[in-house]
file model_26.cif (mmCIF, C-alpha atoms)
data_query
#
loop_
_atom_site.label_atom_id
_atom_site.label_comp_id
_atom_site.auth_asym_id
_atom_site.auth_seq_id
_atom_site.Cartn_x
_atom_site.Cartn_y
_atom_site.Cartn_z
CA MET A 889 -10.58 23.72 -7.77
CA SER A 890 -8.79 20.86 -9.56
CA ALA A 891 -5.39 22.32 -8.72
CA LEU A 892 -6.02 22.54 -4.97
CA LYS A 893 -3.23 21.24 -2.75
CA LEU A 894 -4.73 20.03 0.51
CA VAL A 895 -3.53 18.42 3.72
CA PHE A 896 -6.03 16.35 5.74
CA LEU A 897 -5.59 16.32 9.51
CA GLY A 898 -7.59 14.43 12.10
CA ALA A 899 -7.29 11.86 14.85
CA PRO A 900 -7.58 8.12 14.16
CA GLY A 901 -11.24 7.46 13.37
CA ALA A 902 -11.94 11.02 12.17
CA GLY A 903 -12.63 9.81 8.64
CA LYS A 904 -9.62 11.28 6.80
CA GLY A 905 -9.33 8.38 4.34
CA THR A 906 -13.07 8.34 3.62
CA GLN A 907 -13.27 12.09 2.99
CA ALA A 908 -10.05 12.14 0.96
CA LYS A 909 -11.49 9.42 -1.30
CA ILE A 910 -14.81 11.27 -1.77
CA LEU A 911 -13.16 14.62 -2.45
CA SER A 912 -10.46 13.29 -4.75
CA GLU A 913 -13.19 11.75 -6.95
CA LYS A 914 -15.43 14.84 -6.91
CA LEU A 915 -12.67 17.40 -7.49
CA GLY A 916 -10.26 15.38 -9.64
CA LEU A 917 -7.50 15.49 -7.04
CA VAL A 918 -4.88 12.80 -6.49
CA HIS A 919 -5.29 11.07 -3.11
CA ILE A 920 -1.84 10.50 -1.59
CA SER A 921 -2.05 8.28 1.49
CA SER A 922 1.21 8.04 3.43
CA GLY A 923 0.30 4.51 4.58
CA ASP A 924 -0.27 3.33 0.99
CA LEU A 925 2.88 5.13 -0.11
CA PHE A 926 4.98 3.27 2.48
CA ARG A 927 3.57 -0.08 1.36
CA GLN A 928 4.12 0.70 -2.34
CA ALA A 929 7.66 1.94 -1.68
CA ALA A 930 8.50 -1.20 0.29
CA GLU A 931 7.29 -3.36 -2.62
CA SER A 932 9.04 -1.26 -5.29
CA GLY A 933 12.55 -2.30 -4.36
CA THR A 934 13.95 1.24 -4.71
CA GLU A 935 16.67 2.37 -2.33
CA LEU A 936 14.26 4.71 -0.54
CA GLY A 937 11.59 2.02 -0.44
CA GLN A 938 13.95 -0.53 1.07
CA LEU A 939 15.01 2.02 3.70
CA ALA A 940 11.38 2.64 4.67
CA LYS A 941 10.75 -1.12 4.73
CA SER A 942 13.67 -1.72 7.12
CA TYR A 943 12.02 0.52 9.74
CA MET A 944 8.51 -0.86 9.17
CA GLU A 945 9.68 -4.46 9.60
CA LYS A 946 11.11 -3.56 13.01
CA GLY A 947 7.84 -1.91 14.03
CA LEU A 948 9.54 1.50 14.14
CA LEU A 949 8.23 4.82 12.84
CA VAL A 950 9.79 5.75 9.52
CA PRO A 951 12.04 8.79 10.24
CA ASP A 952 10.93 12.24 9.10
CA GLU A 953 13.67 12.61 6.46
CA VAL A 954 12.67 9.32 4.76
CA THR A 955 8.95 10.09 4.96
CA ILE A 956 9.44 13.59 3.56
CA LYS A 957 11.53 12.29 0.65
CA LEU A 958 8.88 9.70 -0.24
CA ILE A 959 6.08 12.28 -0.14
CA LEU A 960 7.98 14.87 -2.20
CA GLU A 961 9.01 12.19 -4.70
CA ARG A 962 5.34 11.25 -5.17
CA ILE A 963 4.25 14.91 -5.52
CA SER A 964 6.99 15.60 -8.09
CA SER A 965 5.69 12.69 -10.19
CA LEU A 966 2.29 14.40 -10.68
CA SER A 967 1.38 16.22 -13.88
CA PRO A 968 2.00 20.00 -13.83
CA GLY A 969 -0.94 21.80 -12.25
CA GLN A 970 -2.37 18.58 -10.77
CA GLY A 971 -3.95 19.06 -7.33
CA PHE A 972 -3.72 16.53 -4.51
CA ILE A 973 -4.84 15.57 -1.02
CA LEU A 974 -2.22 14.44 1.51
CA ASP A 975 -3.76 11.94 3.93
CA GLY A 976 -1.64 10.96 6.95
CA PHE A 977 1.10 13.51 6.30
CA PRO A 978 2.35 15.74 7.83
CA ARG A 979 2.05 14.33 11.36
CA THR A 980 4.50 16.68 13.05
CA LYS A 981 5.48 20.34 12.80
CA PRO A 982 8.96 19.55 11.34
CA GLN A 983 7.26 17.53 8.59
CA ALA A 984 4.89 20.45 7.86
CA GLU A 985 7.79 22.91 7.74
CA ALA A 986 9.75 20.68 5.34
CA LEU A 987 6.69 20.32 3.11
CA GLU A 988 6.06 24.07 3.01
CA LYS A 989 9.61 24.71 1.81
CA GLU A 990 8.91 22.66 -1.32
CA VAL A 991 5.14 22.93 -1.90
CA GLU A 992 2.61 25.71 -1.35
CA ILE A 993 -0.32 24.07 0.47
CA ASP A 994 -3.69 25.82 -0.01
CA LYS A 995 -5.52 24.50 3.06
CA ALA A 996 -5.01 22.12 5.95
CA VAL A 997 -8.42 20.53 6.53
CA TYR A 998 -8.92 19.48 10.14
CA LEU A 999 -11.73 16.97 10.67
CA LYS A 1000 -12.69 17.79 14.22
CA VAL A 1001 -14.46 14.96 16.04
CA PRO A 1002 -15.30 14.81 19.78
CA LYS A 1003 -13.06 12.39 21.68
CA ASP A 1004 -16.00 10.24 22.82
CA GLU A 1005 -17.16 9.81 19.22
CA LEU A 1006 -13.65 8.82 18.09
CA ILE A 1007 -13.51 6.18 20.84
CA ARG A 1008 -16.96 4.90 19.86
CA ARG A 1009 -15.99 4.61 16.18
CA LEU A 1010 -12.60 2.98 16.70
CA SER A 1011 -13.68 0.54 19.42
CA SER A 1012 -16.47 -0.69 17.10
CA ARG A 1013 -13.96 -2.15 14.64
CA TRP A 1014 -13.80 -5.95 14.36
CA ILE A 1015 -12.03 -8.23 11.88
CA CYS A 1016 -12.47 -11.80 10.60
CA ARG A 1017 -9.87 -14.12 12.12
CA ASN A 1018 -9.95 -16.25 8.97
CA CYS A 1019 -10.13 -13.95 5.88
CA GLN A 1020 -9.30 -10.59 7.56
CA THR A 1021 -12.47 -8.86 6.29
CA PRO A 1022 -13.03 -5.73 8.42
CA TYR A 1023 -16.37 -4.80 10.05
CA ASN A 1024 -17.64 -1.87 12.04
CA LEU A 1025 -20.50 -2.56 14.43
CA LEU A 1026 -21.82 0.99 13.82
CA SER A 1027 -21.52 1.49 10.07
CA HIS A 1028 -20.90 -1.98 8.62
CA PRO A 1029 -22.02 -4.71 11.05
CA PRO A 1030 -21.97 -8.44 10.16
CA LYS A 1031 -25.32 -10.09 9.30
CA VAL A 1032 -24.77 -12.61 12.10
CA ALA A 1033 -23.20 -11.26 15.31
CA GLY A 1034 -19.60 -12.43 15.72
CA ARG A 1035 -19.43 -14.13 12.31
CA CYS A 1036 -17.98 -13.06 8.96
CA ASP A 1037 -20.51 -12.59 6.13
CA LEU A 1038 -18.05 -13.96 3.57
CA CYS A 1039 -16.53 -17.07 5.15
CA GLY A 1040 -18.37 -17.54 8.47
CA GLY A 1041 -15.13 -17.07 10.38
CA GLU A 1042 -14.99 -15.75 13.93
CA LEU A 1043 -14.73 -11.99 14.34
CA TYR A 1044 -12.25 -10.59 16.85
CA GLN A 1045 -11.05 -7.19 18.00
CA ARG A 1046 -7.40 -6.22 17.53
CA GLU A 1047 -5.52 -4.89 20.54
CA ASP A 1048 -5.22 -1.53 18.72
CA ASP A 1049 -9.01 -1.25 18.58
CA LYS A 1050 -9.76 -2.02 22.23
CA GLU A 1051 -11.07 0.99 24.16
CA GLU A 1052 -8.09 1.46 26.50
CA THR A 1053 -5.61 1.36 23.60
CA VAL A 1054 -7.83 3.61 21.49
CA ARG A 1055 -7.86 6.24 24.26
CA LYS A 1056 -4.05 6.22 24.39
CA ARG A 1057 -3.75 6.47 20.59
CA ILE A 1058 -6.05 9.50 20.54
CA GLU A 1059 -4.20 11.21 23.42
CA VAL A 1060 -0.86 10.74 21.64
CA TYR A 1061 -2.30 12.06 18.38
CA LEU A 1062 -3.81 15.14 19.98
CA GLU A 1063 -0.53 15.95 21.78
CA GLN A 1064 1.49 15.61 18.56
CA THR A 1065 -0.99 17.48 16.40
CA ALA A 1066 -1.68 20.55 18.52
CA PRO A 1067 1.51 22.33 17.27
CA LEU A 1068 0.57 21.34 13.70
CA LEU A 1069 -2.87 22.96 13.98
CA ASP A 1070 -1.25 26.08 15.37
CA PHE A 1071 1.32 26.07 12.54
CA TYR A 1072 -1.38 26.14 9.83
CA ALA A 1073 -3.67 28.49 11.78
CA ARG A 1074 -0.87 31.09 11.99
CA LYS A 1075 -0.51 30.89 8.21
CA GLY A 1076 -4.26 31.35 7.77
CA LYS A 1077 -4.50 27.95 6.13
CA LEU A 1078 -6.43 25.93 8.72
CA LEU A 1079 -9.95 24.89 7.73
CA GLU A 1080 -11.89 23.20 10.55
CA VAL A 1081 -14.79 20.95 9.57
CA ASP A 1082 -17.19 19.15 11.91
CA GLY A 1083 -16.24 15.52 11.34
CA GLY A 1084 -18.71 14.20 13.91
CA LYS A 1085 -21.56 13.98 11.38
CA GLY A 1086 -22.22 11.19 8.89
CA ALA A 1087 -19.69 10.77 6.06
CA GLU A 1088 -22.01 12.22 3.37
CA GLU A 1089 -22.90 15.27 5.47
CA VAL A 1090 -19.22 15.94 6.21
CA ALA A 1091 -18.40 15.69 2.49
CA VAL A 1092 -21.12 18.26 1.64
CA ASP A 1093 -19.86 20.67 4.33
CA LEU A 1094 -16.29 20.23 3.15
CA LEU A 1095 -17.12 20.87 -0.50
CA GLN A 1096 -19.10 23.98 0.38
CA ALA A 1097 -16.22 25.32 2.49
CA LEU A 1098 -13.68 24.70 -0.28
CA GLN A 1099 -15.88 26.30 -2.94
CA LYS A 1100 -15.67 29.57 -0.98
CA LEU A 1101 -11.89 29.71 -1.37
#
call {"tool": "encode", "arguments": {"input": "model_26.cif", "output": "structure tokens"}}
result
Amino acid sequence: MSALKLVFLGAPGAGKGTQAKILSEKLGLVHISSGDLFRQAAESGTELGQLAKSYMEKGLLVPDEVTIKLILERISSLSPGQGFILDGFPRTKPQAEALEKEVEIDKAVYLKVPKDELIRRLSSRWICRNCQTPYNLLSHPPKVAGRCDLCGGELYQREDDKEETVRKRIEVYLEQTAPLLDFYARKGKLLEVDGGKGAEEVAVDLLQALQKL
């Protein structure tokens, strides 16, 4: 199990990061988050990192060829036989095809969550205006409504987390990801897991499903 090579798929709010963290610790896999990788690359000062940074600073999506190079560079740095979880990559079919040419993925885990539940989770996110501490009114509410536990600052909701924006984000994700799900399903590599349950329950289901491989 320690050499498993997994891809995690799921809409914003599906819990990919949470489950990747739990599984990486339980199975001894390296958690590779594309978001973290972009930030680290931008800080590293490498040619590839600076290229990624130039797009991020303009608020543009980092092009596929740059993203793929960064991911493959990180994978190639792992110890021989080391398994990993890719979180946030691939996002498109071309990215998945490029990955498959270089690395044999064992399973693409799709955390399937009903749209209404995704909206409920994402639109419950609030953040401290002063110290930027994040809260979730469902899973991690503040002790005093509207105030940060740490500094007492005012909590506010980012535009990205307002319901109308959340709905658009989910629609875009589902449109982009449908071909990706089909791509892995045709290869017999798609593993669907009910991501609508609590985080611990999802982790148990996921572990049980992977142990059957």
call {"tool": "resolve_selection", "arguments": {"input": "model_26.cif", "expression": "the PyMOL selection byres ((chain A and resi 896) around 9)", "output": "PDB file with C-alpha atoms, keeping the file's coordinate frame"}}
result
ATOM      1  CA  LEU A 894      -4.730  20.030   0.510  1.00  0.00           C
ATOM      2  CA  VAL A 895      -3.530  18.420   3.720  1.00  0.00           C
ATOM      3  CA  LEU A 897      -5.590  16.320   9.510  1.00  0.00           C
ATOM      4  CA  GLY A 898      -7.590  14.430  12.100  1.00  0.00           C
ATOM      5  CA  LYS A 904      -9.620  11.280   6.800  1.00  0.00           C
ATOM      6  CA  GLY A 905      -9.330   8.380   4.340  1.00  0.00           C
ATOM      7  CA  GLN A 907     -13.270  12.090   2.990  1.00  0.00           C
ATOM      8  CA  ALA A 908     -10.050  12.140   0.960  1.00  0.00           C
ATOM      9  CA  ILE A 973      -4.840  15.570  -1.020  1.00  0.00           C
ATOM     10  CA  LEU A 974      -2.220  14.440   1.510  1.00  0.00           C
ATOM     11  CA  ASP A 975      -3.760  11.940   3.930  1.00  0.00           C
ATOM     12  CA  GLY A 976      -1.640  10.960   6.950  1.00  0.00           C
ATOM     13  CA  PHE A 977       1.100  13.510   6.300  1.00  0.00           C
ATOM     14  CA  PRO A 978       2.350  15.740   7.830  1.00  0.00           C
ATOM     15  CA  LYS A 995      -5.520  24.500   3.060  1.00  0.00           C
ATOM     16  CA  ALA A 996      -5.010  22.120   5.950  1.00  0.00           C
ATOM     17  CA  VAL A 997      -8.420  20.530   6.530  1.00  0.00           C
ATOM     18  CA  TYR A 998      -8.920  19.480  10.140  1.00  0.00           C
ATOM     19  CA  LEU A 999     -11.730  16.970  10.670  1.00  0.00           C
TER      20      LEU A 999
END
call {"tool": "resolve_selection", "arguments": {"input": "model_26.cif", "expression": "the PyMOL selection byres ((chain A and resi 1072) around 10)", "output": "list in words"}}
result
Lys981, Ala984, Glu985, Ile993, Lys995, Ala996, Val997, Pro1067, Leu1068, Leu1069, Asp1070, Phe1071, Ala1073, Arg1074, Lys1075, Gly1076, Lys1077, Leu1078 and Leu1079 of chain A
call {"tool": "resolve_selection", "arguments": {"input": "model_26.cif", "expression": "the PyMOL selection byres ((chain A and resi 956-964) around 12)", "output": "number ranges by chain"}}
result
A: 893-894, 917-930, 934-940, 950-955, 965-980, 982-993
call {"tool": "residues_around", "arguments": {"input": "model_26.cif", "residues": "Ile1015 (chain A)", "least_positions_apart": "3", "cutoff": "6 Å", "atoms": "only C-alpha atoms", "output": "PyMOL selection string"}}
result
chain A and resi 1020-1023+1043-1044
call {"tool": "closest_residue", "arguments": {"input": "model_26.cif", "among": "A:Cys1036, A:Cys1019, A:Leu892, A:Ala899", "to": "Gln1064 (chain A)", "atoms": "only C-alpha atoms"}}
result
A:Ala899
call {"tool": "decode", "arguments": {"input": "model_26.cif", "residues": "region 893-975 of chain A", "atoms": "C-alpha atoms", "output": "compact mmCIF listing (two decimals), in the first residue's frame"}}
result
# COMPACT_ATOMS: atom_id res chain seq x y z
CA LYS A 893 0.19 6.39 -6.67
CA LEU A 894 -3.13 8.18 -6.30
CA VAL A 895 -4.89 11.16 -7.83
CA PHE A 896 -7.59 12.92 -5.76
CA LEU A 897 -10.47 14.49 -7.66
CA GLY A 898 -13.40 16.46 -6.30
CA ALA A 899 -15.11 19.82 -6.49
CA PRO A 900 -14.11 22.73 -4.23
CA GLY A 901 -15.32 21.83 -0.74
CA ALA A 902 -15.27 18.06 -1.36
CA GLY A 903 -12.52 17.57 1.23
CA LYS A 904 -9.61 16.57 -1.03
CA GLY A 905 -6.96 18.27 1.12
CA THR A 906 -8.37 16.83 4.35
CA GLN A 907 -8.54 13.28 3.02
CA ALA A 908 -5.14 13.51 1.34
CA LYS A 909 -3.61 14.57 4.67
CA ILE A 910 -5.30 11.73 6.60
CA LEU A 911 -4.37 9.08 4.03
CA SER A 912 -0.80 10.25 3.52
CA GLU A 913 -0.22 9.89 7.27
CA LYS A 914 -1.93 6.50 7.56
CA LEU A 915 -0.37 4.94 4.47
CA GLY A 916 3.03 6.66 4.43
CA LEU A 917 2.34 8.43 1.13
CA VAL A 918 3.72 11.81 0.12
CA HIS A 919 0.96 14.45 -0.17
CA ILE A 920 1.65 16.62 -3.23
CA SER A 921 -0.67 19.63 -3.32
CA SER A 922 -0.48 21.61 -6.56
CA GLY A 923 -1.37 24.82 -4.68
CA ASP A 924 1.48 24.33 -2.18
CA LEU A 925 3.81 23.37 -5.02
CA PHE A 926 3.08 26.63 -6.87
CA ARG A 927 3.78 28.67 -3.74
CA GLN A 928 7.01 26.79 -2.99
CA ALA A 929 8.17 27.09 -6.60
CA ALA A 930 7.48 30.84 -6.61
CA GLU A 931 9.58 31.24 -3.44
CA SER A 932 12.41 28.98 -4.67
CA GLY A 933 13.69 31.36 -7.31
CA THR A 934 14.18 28.59 -9.90
CA GLU A 935 13.50 29.37 -13.55
CA LEU A 936 10.35 27.22 -13.51
CA GLY A 937 9.25 28.75 -10.22
CA GLN A 938 9.67 32.29 -11.50
CA LEU A 939 7.66 31.39 -14.61
CA ALA A 940 4.80 30.05 -12.48
CA LYS A 941 5.01 33.14 -10.26
CA SER A 942 4.69 35.49 -13.26
CA TYR A 943 1.29 33.99 -14.10
CA MET A 944 0.08 33.85 -10.49
CA GLU A 945 0.92 37.52 -9.90
CA LYS A 946 -1.28 38.47 -12.87
CA GLY A 947 -4.14 36.35 -11.51
CA LEU A 948 -3.85 33.98 -14.48
CA LEU A 949 -4.00 30.19 -14.46
CA VAL A 950 -0.55 28.64 -14.72
CA PRO A 951 -0.41 26.98 -18.20
CA ASP A 952 -0.61 23.20 -18.47
CA GLU A 953 3.00 22.77 -19.66
CA VAL A 954 4.39 24.68 -16.64
CA THR A 955 2.10 22.89 -14.18
CA ILE A 956 2.97 19.47 -15.61
CA LYS A 957 6.71 20.20 -15.42
CA LEU A 958 6.42 21.26 -11.77
CA ILE A 959 4.43 18.16 -10.83
CA LEU A 960 6.76 15.75 -12.67
CA GLU A 961 9.80 17.48 -11.17
CA ARG A 962 8.36 16.94 -7.67
CA ILE A 963 7.49 13.28 -8.38
CA SER A 964 10.98 12.60 -9.77
CA SER A 965 12.49 13.93 -6.52
CA LEU A 966 10.79 11.17 -4.46
CA SER A 967 12.67 8.09 -3.26
CA PRO A 968 12.37 5.03 -5.53
CA GLY A 969 9.19 3.10 -4.74
CA GLN A 970 7.71 5.99 -2.75
CA GLY A 971 3.94 6.35 -3.18
CA PHE A 972 2.12 9.68 -3.36
CA ILE A 973 -1.23 11.45 -3.49
CA LEU A 974 -1.74 14.22 -6.07
CA ASP A 975 -4.18 16.81 -4.71
